[in-house]
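Shown next: entry04.cif, containing mmCIF, C-alpha atoms.
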data_protein
loop_
_atom_site.label_atom_id
_atom_site.label_comp_id
_atom_site.auth_asym_id
_atom_site.auth_seq_id
_atom_site.Cartn_x
_atom_site.Cartn_y
_atom_site.Cartn_z
CA MET A 8 -4.83 -30.07 -19.12
CA ALA A 9 -7.95 -29.03 -21.01
CA SER A 10 -11.08 -28.71 -19.00
CA ALA A 11 -14.15 -30.76 -19.88
CA HIS A 12 -16.65 -28.32 -18.39
CA SER A 13 -18.73 -26.08 -20.62
CA ILE A 14 -17.53 -22.53 -21.08
CA PRO A 15 -20.01 -19.81 -20.09
CA SER A 16 -20.60 -16.80 -22.29
CA ILE A 17 -17.87 -14.20 -22.20
CA GLU A 18 -20.35 -11.39 -22.82
CA GLU A 19 -20.71 -9.84 -19.38
CA ARG A 20 -21.32 -6.21 -18.48
CA PHE A 21 -20.96 -5.16 -14.89
CA GLU A 22 -23.79 -2.97 -13.65
CA PHE A 23 -22.86 -0.48 -10.97
CA THR A 24 -26.33 -0.34 -9.49
CA SER A 25 -27.83 2.60 -7.65
CA GLY A 26 -28.05 0.37 -4.57
CA ALA A 27 -24.31 -0.36 -4.68
CA LYS A 28 -23.55 3.35 -5.15
CA LYS A 29 -25.82 4.20 -2.25
CA ASN A 30 -24.09 1.66 0.02
CA LEU A 31 -20.65 3.04 -0.82
CA ILE A 32 -21.82 6.62 -0.27
CA ILE A 33 -23.36 5.63 3.06
CA GLY A 34 -20.13 3.87 4.02
CA GLY A 35 -18.18 7.01 3.12
CA ALA A 36 -20.61 9.13 5.14
CA VAL A 37 -20.12 6.84 8.15
CA GLY A 38 -16.38 7.29 7.66
CA VAL A 39 -16.78 11.08 7.65
CA ALA A 40 -18.90 10.90 10.82
CA LEU A 41 -16.23 8.81 12.55
CA ILE A 42 -13.58 11.30 11.43
CA LEU A 43 -15.55 14.21 12.90
CA VAL A 44 -16.04 12.35 16.19
CA GLY A 45 -12.39 11.34 16.27
CA ALA A 46 -11.20 14.87 15.45
CA TYR A 47 -13.40 16.29 18.22
CA LEU A 48 -12.03 13.78 20.73
CA ALA A 49 -8.46 14.46 19.61
CA ALA A 50 -8.92 18.24 19.83
CA ASN A 51 -10.56 18.13 23.26
CA GLY A 52 -8.95 15.07 24.81
CA GLY A 53 -6.07 17.06 26.32
CA GLY A 54 -2.85 15.49 27.54
CA GLY A 55 -0.99 16.25 24.33
CA HIS A 56 1.94 18.15 25.81
CA GLU A 57 2.13 15.95 28.90
CA ALA A 58 1.86 12.76 26.89
CA ALA A 59 4.52 13.98 24.45
CA ALA A 60 6.94 14.75 27.26
CA HIS A 61 6.27 11.42 28.94
CA GLY A 62 6.71 9.59 25.65
CA ALA A 63 9.92 11.47 24.95
CA GLU A 64 11.39 10.25 28.23
CA HIS A 65 10.63 6.70 27.25
CA ALA A 66 12.08 7.23 23.78
CA VAL A 67 15.31 8.60 25.24
CA SER A 68 15.59 5.71 27.68
CA ALA A 69 14.97 3.30 24.84
CA ILE A 70 17.78 4.79 22.74
CA GLY A 71 20.25 4.81 25.60
CA HIS A 72 23.09 7.15 26.48
CA PRO A 73 24.27 9.62 23.85
CA THR A 74 27.10 8.46 21.60
CA PRO A 75 28.62 10.05 18.50
CA GLU A 76 26.42 7.73 16.41
CA ASN A 77 23.09 8.31 18.11
CA ALA A 78 23.50 11.78 19.59
CA SER A 79 21.24 13.35 17.00
CA ARG A 80 18.51 10.80 17.71
CA VAL A 81 18.77 11.34 21.46
CA HIS A 82 18.52 15.12 20.91
CA GLU A 83 15.49 14.66 18.65
CA ALA A 84 13.76 12.39 21.18
CA ALA A 85 14.60 14.65 24.11
CA THR A 86 13.20 17.75 22.39
CA ALA A 87 10.06 15.97 21.21
CA GLY A 88 8.38 16.58 24.55
CA HIS A 89 8.82 20.33 24.27
CA HIS A 90 6.71 20.62 21.12
CA GLU A 91 3.06 19.79 21.51
CA ILE A 92 1.63 18.10 18.45
CA SER A 93 -1.73 19.53 17.40
CA TRP A 94 -4.75 17.36 16.69
CA MET A 95 -4.50 18.46 13.04
CA ALA A 96 -1.17 16.66 12.82
CA ARG A 97 -3.02 13.44 13.64
CA VAL A 98 -5.50 14.21 10.85
CA TRP A 99 -2.69 14.81 8.33
CA ALA A 100 -0.90 11.65 9.45
CA ASN A 101 -4.03 9.53 8.95
CA ILE A 102 -4.62 11.01 5.52
CA TRP A 103 -1.00 10.26 4.60
CA VAL A 104 -1.17 6.65 5.85
CA ASN A 105 -4.30 5.88 3.84
CA ALA A 106 -3.16 7.74 0.73
CA VAL A 107 0.15 5.87 0.67
CA TYR A 108 -1.57 2.54 1.32
CA PHE A 109 -4.24 2.90 -1.37
CA THR A 110 -1.71 4.32 -3.81
CA GLY A 111 0.20 1.06 -3.46
CA ILE A 112 -2.88 -1.10 -3.94
CA SER A 113 -3.85 0.92 -7.01
CA VAL A 114 -0.47 0.77 -8.74
CA VAL A 115 -0.13 -2.96 -8.00
CA GLY A 116 -3.03 -3.51 -10.40
CA MET A 117 -0.76 -2.16 -13.15
CA PHE A 118 2.15 -4.16 -11.75
CA PHE A 119 0.12 -7.39 -11.91
CA ILE A 120 -1.06 -7.01 -15.51
CA SER A 121 2.44 -5.90 -16.56
CA TYR A 122 4.28 -8.96 -15.32
CA ASN A 123 1.53 -11.15 -16.75
CA TYR A 124 2.03 -9.46 -20.13
CA LEU A 125 5.80 -9.89 -19.93
CA ALA A 126 5.42 -13.58 -19.05
CA GLN A 127 2.75 -13.94 -21.77
CA ALA A 128 0.67 -15.64 -19.11
CA GLY A 129 -2.69 -16.93 -20.24
CA TRP A 130 -4.37 -18.00 -17.01
CA SER A 131 -5.22 -14.45 -15.85
CA ALA A 132 -6.81 -13.19 -19.09
CA VAL A 133 -10.35 -14.01 -18.02
CA PHE A 134 -10.24 -11.72 -14.97
CA LYS A 135 -7.74 -9.19 -16.34
CA ARG A 136 -10.26 -6.35 -16.11
CA ILE A 137 -10.15 -6.46 -12.29
CA PRO A 138 -6.48 -5.48 -11.79
CA GLU A 139 -6.86 -3.24 -14.84
CA ALA A 140 -9.44 -1.16 -12.96
CA LEU A 141 -7.39 -0.51 -9.81
CA PRO A 142 -5.00 2.22 -11.08
CA ALA A 143 -7.90 4.54 -11.93
CA PHE A 144 -7.73 5.68 -8.28
CA LEU A 145 -4.17 7.00 -8.63
CA PRO A 146 -5.12 10.61 -9.52
CA VAL A 147 -7.24 10.79 -6.35
CA THR A 148 -4.46 9.66 -4.01
CA GLY A 149 -1.88 11.70 -5.94
CA VAL A 150 -3.80 14.95 -5.47
CA ILE A 151 -4.52 14.12 -1.82
CA MET A 152 -0.84 13.45 -1.11
CA LEU A 153 0.24 16.65 -2.84
CA ILE A 154 -2.27 18.73 -0.84
CA THR A 155 -1.34 16.94 2.38
CA PHE A 156 2.35 17.62 1.85
CA PHE A 157 1.80 21.33 1.18
CA PHE A 158 -0.52 21.89 4.13
CA GLY A 159 0.61 19.23 6.61
CA GLY A 160 4.10 18.30 5.50
CA HIS A 161 5.70 20.40 8.23
CA ASP A 162 3.93 18.23 10.81
CA LEU A 163 4.77 14.95 9.08
CA PHE A 164 8.32 15.38 7.78
CA HIS A 165 11.00 16.55 10.21
CA TRP A 166 13.38 17.40 7.36
CA THR A 167 11.07 20.22 6.15
CA HIS A 168 12.17 22.41 9.11
CA GLU A 169 14.59 25.00 7.72
CA GLY A 170 16.53 25.38 10.97
CA LEU A 171 17.96 21.87 10.56
CA PHE A 172 20.15 23.06 7.69
CA GLU A 173 21.52 26.27 9.27
CA VAL A 174 25.09 25.53 10.30
CA GLY A 175 25.66 26.72 13.85
CA GLY A 176 21.95 27.20 14.49
CA PRO A 177 20.22 25.74 17.58
CA GLU A 178 18.38 23.14 15.49
CA TYR A 179 21.22 22.27 13.12
CA ASP A 180 21.35 18.55 12.36
CA PRO A 181 24.44 17.41 10.41
CA ILE A 182 22.86 14.10 9.39
CA ILE A 183 19.73 15.66 7.90
CA ALA A 184 21.76 18.54 6.43
CA GLY A 185 23.86 15.96 4.62
CA LYS A 186 20.72 14.68 2.87
CA LYS A 187 19.58 18.10 1.69
CA GLY A 188 20.41 17.32 -1.93
CA PHE A 189 17.70 14.66 -1.91
CA LEU A 190 15.38 15.75 0.89
CA ASN A 191 14.31 19.23 -0.10
CA THR A 192 10.80 20.42 -0.89
CA PRO A 193 11.14 21.24 -4.63
CA PHE A 194 12.83 17.92 -5.46
CA PHE A 195 10.41 15.97 -3.25
CA VAL A 196 7.36 17.52 -4.93
CA PHE A 197 8.90 16.88 -8.35
CA ARG A 198 9.42 13.20 -7.53
CA LEU A 199 5.93 12.85 -6.06
CA VAL A 200 4.33 14.29 -9.19
CA LEU A 201 6.62 12.24 -11.45
CA TYR A 202 5.62 8.96 -9.77
CA PHE A 203 1.94 9.51 -10.36
CA VAL A 204 2.35 10.87 -13.89
CA LEU A 205 4.44 7.84 -14.90
CA TRP A 206 2.27 5.24 -13.20
CA TYR A 207 -1.07 6.67 -14.29
CA GLY A 208 0.12 7.66 -17.78
CA MET A 209 1.50 4.21 -18.58
CA TRP A 210 -1.66 2.60 -17.22
CA ARG A 211 -3.79 4.79 -19.51
CA VAL A 212 -1.82 3.50 -22.50
CA LEU A 213 -2.32 -0.16 -21.55
CA ARG A 214 -5.96 0.47 -20.65
CA ASN A 215 -6.63 2.05 -24.06
CA PHE A 216 -4.91 -0.83 -25.83
CA SER A 217 -7.10 -3.26 -23.89
CA LEU A 218 -10.33 -1.44 -24.78
CA GLN A 219 -9.32 -1.17 -28.45
CA GLU A 220 -8.45 -4.86 -28.50
CA ASP A 221 -12.04 -5.62 -27.47
CA GLU A 222 -13.24 -3.99 -30.68
CA ILE A 223 -10.70 -4.94 -33.35
CA GLY A 224 -9.00 -8.09 -32.04
CA GLY A 225 -5.73 -9.32 -33.55
CA THR A 226 -2.33 -9.54 -31.87
CA GLU A 227 -0.81 -6.14 -32.74
CA LEU A 228 -2.20 -4.40 -29.66
CA TYR A 229 -1.23 -7.36 -27.48
CA GLU A 230 2.38 -7.16 -28.70
CA ARG A 231 2.45 -3.39 -28.12
CA SER A 232 1.02 -3.99 -24.64
CA ILE A 233 3.92 -6.34 -23.86
CA LYS A 234 6.42 -3.60 -24.76
CA TRP A 235 4.67 -0.99 -22.61
CA ALA A 236 4.27 -3.46 -19.75
CA THR A 237 8.01 -4.23 -19.90
CA ALA A 238 8.79 -0.52 -19.84
CA PHE A 239 6.52 -0.08 -16.83
CA LEU A 240 8.26 -2.87 -14.94
CA VAL A 241 11.59 -1.11 -15.48
CA VAL A 242 10.10 2.19 -14.28
CA PHE A 243 8.34 0.58 -11.33
CA GLY A 244 11.46 -1.37 -10.41
CA VAL A 245 13.07 1.99 -9.61
CA THR A 246 10.12 4.11 -8.48
CA SER A 247 8.66 1.49 -6.14
CA SER A 248 11.81 1.82 -4.02
CA THR A 249 12.35 5.57 -4.34
CA SER A 250 8.68 6.27 -3.57
CA ALA A 251 8.96 4.07 -0.46
CA TRP A 252 11.95 6.14 0.65
CA ASP A 253 10.05 9.36 0.04
CA PHE A 254 6.58 8.46 1.32
CA VAL A 255 7.57 6.42 4.38
CA MET A 256 11.26 6.13 5.20
CA SER A 257 11.99 9.88 5.01
CA ILE A 258 9.60 10.37 7.94
CA ASP A 259 12.23 8.73 10.18
CA THR A 260 14.89 10.92 8.61
CA HIS A 261 17.90 9.54 10.46
CA TRP A 262 16.97 5.91 9.93
CA PHE A 263 17.84 3.92 6.84
CA SER A 264 17.45 0.39 5.54
CA THR A 265 18.74 -0.99 2.27
CA MET A 266 15.79 -3.43 2.18
CA PHE A 267 13.00 -0.94 2.76
CA GLY A 268 12.09 -0.58 -0.91
CA TRP A 269 11.61 -4.33 -1.24
CA TYR A 270 9.74 -4.42 2.04
CA THR A 271 7.23 -1.75 0.95
CA LEU A 272 6.77 -3.33 -2.49
CA ALA A 273 6.07 -6.70 -0.84
CA SER A 274 3.46 -5.08 1.41
CA TRP A 275 1.79 -3.20 -1.45
CA HIS A 276 1.88 -6.28 -3.68
CA VAL A 277 0.21 -8.75 -1.34
CA ALA A 278 -2.41 -6.17 -0.30
CA GLY A 279 -3.17 -5.54 -3.98
CA LEU A 280 -3.44 -9.28 -4.65
CA ALA A 281 -5.85 -9.60 -1.73
CA VAL A 282 -8.01 -6.77 -3.13
CA MET A 283 -8.08 -8.41 -6.59
CA THR A 284 -8.96 -11.81 -5.18
CA LEU A 285 -11.64 -10.40 -2.89
CA THR A 286 -13.17 -8.41 -5.78
CA ILE A 287 -13.27 -11.48 -8.02
CA VAL A 288 -14.91 -13.57 -5.29
CA MET A 289 -17.51 -10.88 -4.61
CA LEU A 290 -18.30 -10.55 -8.32
CA ARG A 291 -18.70 -14.31 -8.67
CA GLU A 292 -21.11 -14.36 -5.74
CA ARG A 293 -23.21 -11.77 -7.60
CA GLY A 294 -23.37 -13.83 -10.78
CA TYR A 295 -20.47 -12.24 -12.68
CA LEU A 296 -17.25 -13.80 -13.97
CA ARG A 297 -18.87 -17.19 -14.54
CA ALA A 298 -15.87 -18.17 -16.65
CA VAL A 299 -13.60 -17.92 -13.61
CA ASN A 300 -13.31 -21.45 -12.27
CA SER A 301 -11.90 -23.08 -9.16
CA SER A 302 -8.45 -23.34 -10.75
CA HIS A 303 -8.30 -19.58 -11.22
CA LEU A 304 -9.35 -19.06 -7.62
CA ARG A 305 -6.84 -21.61 -6.41
CA ASP A 306 -4.02 -19.86 -8.25
CA LEU A 307 -5.10 -16.49 -6.83
CA GLY A 308 -5.13 -18.07 -3.38
CA LYS A 309 -1.62 -19.35 -4.04
CA PHE A 310 -0.52 -15.83 -4.90
CA VAL A 311 -1.90 -14.41 -1.64
CA PHE A 312 -0.47 -17.34 0.31
CA ALA A 313 2.98 -17.15 -1.32
CA PHE A 314 3.42 -13.40 -1.11
CA SER A 315 2.25 -13.32 2.50
CA ILE A 316 5.22 -15.59 3.14
CA PHE A 317 7.46 -13.44 0.94
CA TRP A 318 6.50 -10.28 2.86
CA THR A 319 7.29 -12.07 6.11
CA TYR A 320 10.64 -13.20 4.73
CA VAL A 321 11.59 -9.62 3.78
CA TRP A 322 10.27 -8.33 7.13
CA PHE A 323 12.35 -10.85 9.07
CA ALA A 324 15.44 -10.40 6.89
CA GLN A 325 15.37 -6.64 7.47
CA PHE A 326 14.80 -7.12 11.21
CA LEU A 327 17.48 -9.79 11.59
CA LEU A 328 20.17 -7.81 9.77
CA ILE A 329 19.48 -4.73 11.90
CA TYR A 330 19.29 -6.79 15.10
CA TYR A 331 22.55 -8.60 14.37
CA ALA A 332 24.49 -5.48 13.31
CA ASN A 333 23.21 -3.60 16.40
CA GLN A 334 23.99 -0.15 14.98
CA PRO A 335 22.23 2.64 16.94
CA GLU A 336 21.11 4.52 13.82
CA GLU A 337 19.33 1.35 12.61
CA THR A 338 18.07 -0.30 15.80
CA ILE A 339 16.27 2.86 16.95
CA TYR A 340 13.53 2.15 14.40
CA PHE A 341 12.52 -1.09 16.12
CA ILE A 342 13.30 0.09 19.67
CA GLU A 343 10.81 2.95 19.27
CA ARG A 344 8.15 0.45 18.18
CA PHE A 345 8.94 -2.03 20.96
CA ARG A 346 9.65 0.17 23.97
CA GLY A 347 9.21 3.82 23.04
CA TYR A 348 6.11 5.93 23.60
CA ASP A 349 4.87 3.83 26.55
CA GLY A 350 4.89 0.75 24.32
CA PHE A 351 1.83 1.99 22.39
CA PHE A 352 3.05 0.62 19.05
CA LYS A 353 3.99 -2.80 20.37
CA ALA A 354 0.45 -4.18 20.02
CA PRO A 355 -0.13 -3.06 16.40
CA PHE A 356 3.41 -4.18 15.56
CA PHE A 357 2.65 -7.79 16.53
CA ILE A 358 -0.96 -7.68 15.31
CA THR A 359 0.53 -6.91 11.90
CA LEU A 360 2.52 -10.16 11.99
CA ILE A 361 -0.54 -12.17 13.00
CA LEU A 362 -2.86 -10.71 10.35
CA ASN A 363 -0.30 -10.71 7.55
CA PHE A 364 1.46 -14.02 8.11
CA PHE A 365 0.23 -16.46 10.73
CA PHE A 366 -3.49 -16.18 9.98
CA PRO A 367 -3.41 -16.33 6.14
CA PHE A 368 -0.65 -18.94 6.26
CA LEU A 369 -2.69 -21.28 8.43
CA ILE A 370 -6.08 -20.92 6.73
CA LEU A 371 -4.75 -20.98 3.14
CA MET A 372 -2.41 -23.89 3.64
CA ALA A 373 -4.89 -26.55 2.48
CA ARG A 374 -5.39 -26.93 -1.27
CA ASP A 375 -9.18 -26.69 -1.26
CA ALA A 376 -9.13 -23.66 1.05
CA LYS A 377 -7.58 -21.58 -1.74
CA ALA A 378 -10.70 -22.09 -3.90
CA THR A 379 -13.32 -21.67 -1.17
CA HIS A 380 -15.11 -18.32 -1.24
CA SER A 381 -15.63 -17.93 2.49
CA ILE A 382 -12.03 -18.79 3.36
CA LEU A 383 -10.63 -16.55 0.63
CA LYS A 384 -12.74 -13.64 1.87
CA VAL A 385 -11.54 -14.04 5.45
CA ALA A 386 -7.91 -14.38 4.37
CA CYS A 387 -8.08 -11.38 2.03
CA TRP A 388 -9.72 -9.12 4.62
CA SER A 389 -7.07 -10.21 7.11
CA VAL A 390 -4.32 -9.19 4.67
CA ILE A 391 -6.01 -5.91 3.70
CA ILE A 392 -6.49 -4.79 7.30
CA GLY A 393 -3.13 -6.23 8.34
CA HIS A 394 -1.17 -4.27 5.78
CA TYR A 395 -3.03 -1.10 6.64
CA MET A 396 -1.75 -1.75 10.17
CA ASP A 397 1.71 -2.30 8.70
CA PHE A 398 1.76 1.18 7.14
CA TYR A 399 0.25 2.63 10.31
CA THR A 400 3.11 1.15 12.32
CA ASN A 401 5.67 2.40 9.81
CA ILE A 402 4.41 5.98 9.65
CA MET A 403 2.78 6.96 12.95
CA PRO A 404 5.75 6.67 15.37
CA GLY A 405 7.81 9.11 13.31
CA THR A 406 4.98 11.59 12.78
CA LEU A 407 3.00 11.57 16.03
CA GLY A 408 4.97 9.53 18.54
CA SER A 409 3.10 9.37 21.85
CA ASN A 410 0.31 11.54 20.42
CA ALA A 411 -0.77 8.73 18.13
CA GLY A 412 -3.98 6.86 18.79
CA PHE A 413 -6.23 4.25 17.31
CA GLY A 414 -9.91 5.08 17.39
CA PRO A 415 -12.75 6.64 15.39
CA LEU A 416 -10.38 8.95 13.50
CA GLU A 417 -8.26 6.08 12.19
CA TRP A 418 -11.15 3.80 11.28
CA GLY A 419 -13.06 6.70 9.77
CA PHE A 420 -10.30 7.60 7.34
CA PHE A 421 -9.74 3.94 6.43
CA LEU A 422 -13.46 3.45 5.74
CA LEU A 423 -13.68 6.67 3.72
CA PHE A 424 -10.71 5.77 1.52
CA LEU A 425 -11.94 2.18 1.15
CA CYS A 426 -15.38 3.30 -0.06
CA ALA A 427 -13.89 5.89 -2.43
CA PHE A 428 -11.54 3.26 -3.81
CA GLY A 429 -14.41 0.79 -4.24
CA TYR A 430 -16.45 3.44 -6.07
CA SER A 431 -13.55 4.12 -8.44
CA VAL A 432 -13.01 0.43 -9.21
CA ALA A 433 -16.72 -0.24 -9.77
CA SER A 434 -16.96 2.77 -12.10
CA GLN A 435 -14.09 1.40 -14.21
CA LEU A 436 -15.53 -2.12 -14.34
CA GLU A 437 -18.76 -0.69 -15.75
CA LYS A 438 -16.98 0.91 -18.72
CA ALA A 439 -16.03 -2.27 -20.58
CA ASN A 440 -16.98 -5.89 -21.04
CA LEU A 441 -16.02 -7.69 -17.83
CA ILE A 442 -14.09 -10.32 -19.81
CA PRO A 443 -11.72 -9.08 -22.57
CA ARG A 444 -13.34 -10.47 -25.72
CA HIS A 445 -10.37 -10.67 -28.07
CA HIS A 446 -7.45 -11.21 -25.72
CA PRO A 447 -5.10 -13.63 -27.57
CA MET A 448 -4.77 -15.79 -24.44
CA LEU A 449 -8.47 -15.86 -23.61
CA GLU A 450 -9.07 -19.37 -24.90
CA GLU A 451 -6.25 -20.71 -22.75
CA SER A 452 -7.65 -18.88 -19.75
CA LEU A 453 -11.16 -20.20 -20.33
CA HIS A 454 -9.81 -23.77 -20.27
CA HIS A 455 -7.47 -23.19 -17.33
CA ASP A 456 -7.69 -26.33 -15.24
CA ILE A 457 -5.18 -27.54 -12.66
CA ALA A 458 -5.79 -31.17 -11.82
#
Conversion result in structure tokens:
Amino acid sequence: MASAHSIPSIEERFEFTSGAKKNLIIGGAVGVALILVGAYLAANGGGGHEAAAHGAEHAVSAIGHPTPENASRVHEAATAGHHEISWMARVWANIWVNAVYFTGISVVGMFFISYNYLAQAGWSAVFKRIPEALPAFLPVTGVIMLITFFFGGHDLFHWTHEGLFEVGGPEYDPIIAGKKGFLNTPFFVFRLVLYFVLWYGMWRVLRNFSLQEDEIGGTELYERSIKWATAFLVVFGVTSSTSAWDFVMSIDTHWFSTMFGWYTLASWHVAGLAVMTLTIVMLRERGYLRAVNSSHLRDLGKFVFAFSIFWTYVWFAQFLLIYYANQPEETIYFIERFRGYDGFFKAPFFITLILNFFFPFLILMARDAKATHSILKVACWSVIIGHYMDFYTNIMPGTLGSNAGFGPLEWGFFLLFLCAFGYSVASQLEKANLIPRHHPMLEESLHHDIA
């Protein structure tokens, strides 16, 4: 249905003001201060060795008696208490959690514009520059992850210990040794670099097409964009799963789940949608994106609402299949989060469900709620924080176990990454007209109206 309302001017340039830059820098500085306080507390808090041993006892009791299937996990849990985890391991783990999380949010911007190109969707053209700006942060997280793996990978990834592959050695692990063809440092680093080169490189192509389209118009660049977007979806269809295996699932080296790739993509996707929606709402409140109407907002709210449900569906499907099969090598993942390590991860585990499903489901259920700024902001922040907690719960038990915590160190790193990400996005938005002038579907988007 065509809209009767007048169409505002599409000539809009975002100004990344000195005040906004100052606020983000201050926020990053606060994050650094929290990190320093948290690192000091972690380094001087004591109890590391004792807590590790105590947590190991609980982990062993949670797994149960040794069997041929779970013997390696029992051995790993039993020996965990004999190796004190340094406070630097907690620093590396927090860097890894945030880098993985913001990598996902960044690449989802490319994912969003790609499936909109493939579908030749018109409704999103007016705010296309928002998701288009997100992948600019990929080189930052890529470099951070590479550095973290080289300097802290031994603390984060159990499979990097050479003794695990020495047949007959005291640390020999037949399960991990059997995965050596995939889980070895050269191949892992190659895959890590390949992911970021492919994702960022293909985004640069689409971004350049978009900027050129602003100047020359026509449909040639749009048609070429569809082809590149289709190619990206094929690439991302594979790499979204394999990167999830590498970045997250390989931390719990013995554990496996055939649904984990879908699960991680669902988490990244809805978090990215929440960031896009929140950014659009904040820009509208500052006088930008006047051509974005309530129908656009309502559809964005539907996306956040629907994919919050989809994430929950994948979460429950993975949990139910593992629960029903009751195989020790699979159930250990959830047992450690329910009962292991003095039950530390039980609270964030269930907080994740509340923030990522129950809360957004309830407040976005009404039709008008999906187009209301205040409600959208609350729902999006709930999803953004909730999915950070999701990755925290996925990564921390396998890296730190009972040495994990949740305090100034964790919030400091999250705030620092969030401010750096915001700075990157704002810098990209400033480089082009906020609304793509000559997008072939722009007219349809400007008149987007759902009765």
*Specify as an MDAnalysis selection string each residue included when the PyMOL selection byres ((chain A and resi 207) around 12) is applied to this file.*
chainID A and resid 110 113:118 139:149 200:206 208:214 239 243
*Name the residues in contact with Tyr430 in chain A at a cut-off of 12 Å, using all atoms listed in the file, excluding same-chain residues fewer than 2 positions from it; report them as a PyMOL selection string.*
chain A and resi 23-25+27-35+140-141+143-144+147+423-428+432-437
_With distances taken over all atoms listed in the file, which residue among A:Ile370, A:Met283, A:Leu228, A:Leu240 lies nearest Asn215 in chain A?_
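Closest to Asn215 in chain A, using all atoms listed in the file: A:Leu228.
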*So which residues touch range 388-401 of chain A within 6 Å, counting only C-alpha atoms, skipping near sequence neighbours fewer than 5 positions away, as a VMD selection string?*
chain A and resid 278 359 362 to 363
*Starting from the displayed file, determine the output of the PyMOL selection byres ((chain A and resi 107) around 9) and express the residue list as a ChimeraX atom specification.*
/A:102-106,108-112,148,152,254-255,398
*Do you know which residues the PyMOL selection byres ((chain A and resi 308) around 8) returns on this file, as a PyMOL selection string?*
chain A and resi 284+304-307+309-312+371+377-378+383
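In this structure, CA of Leu449 in chain A sits 6.8 Å away from CA of Gly129 in chain A.
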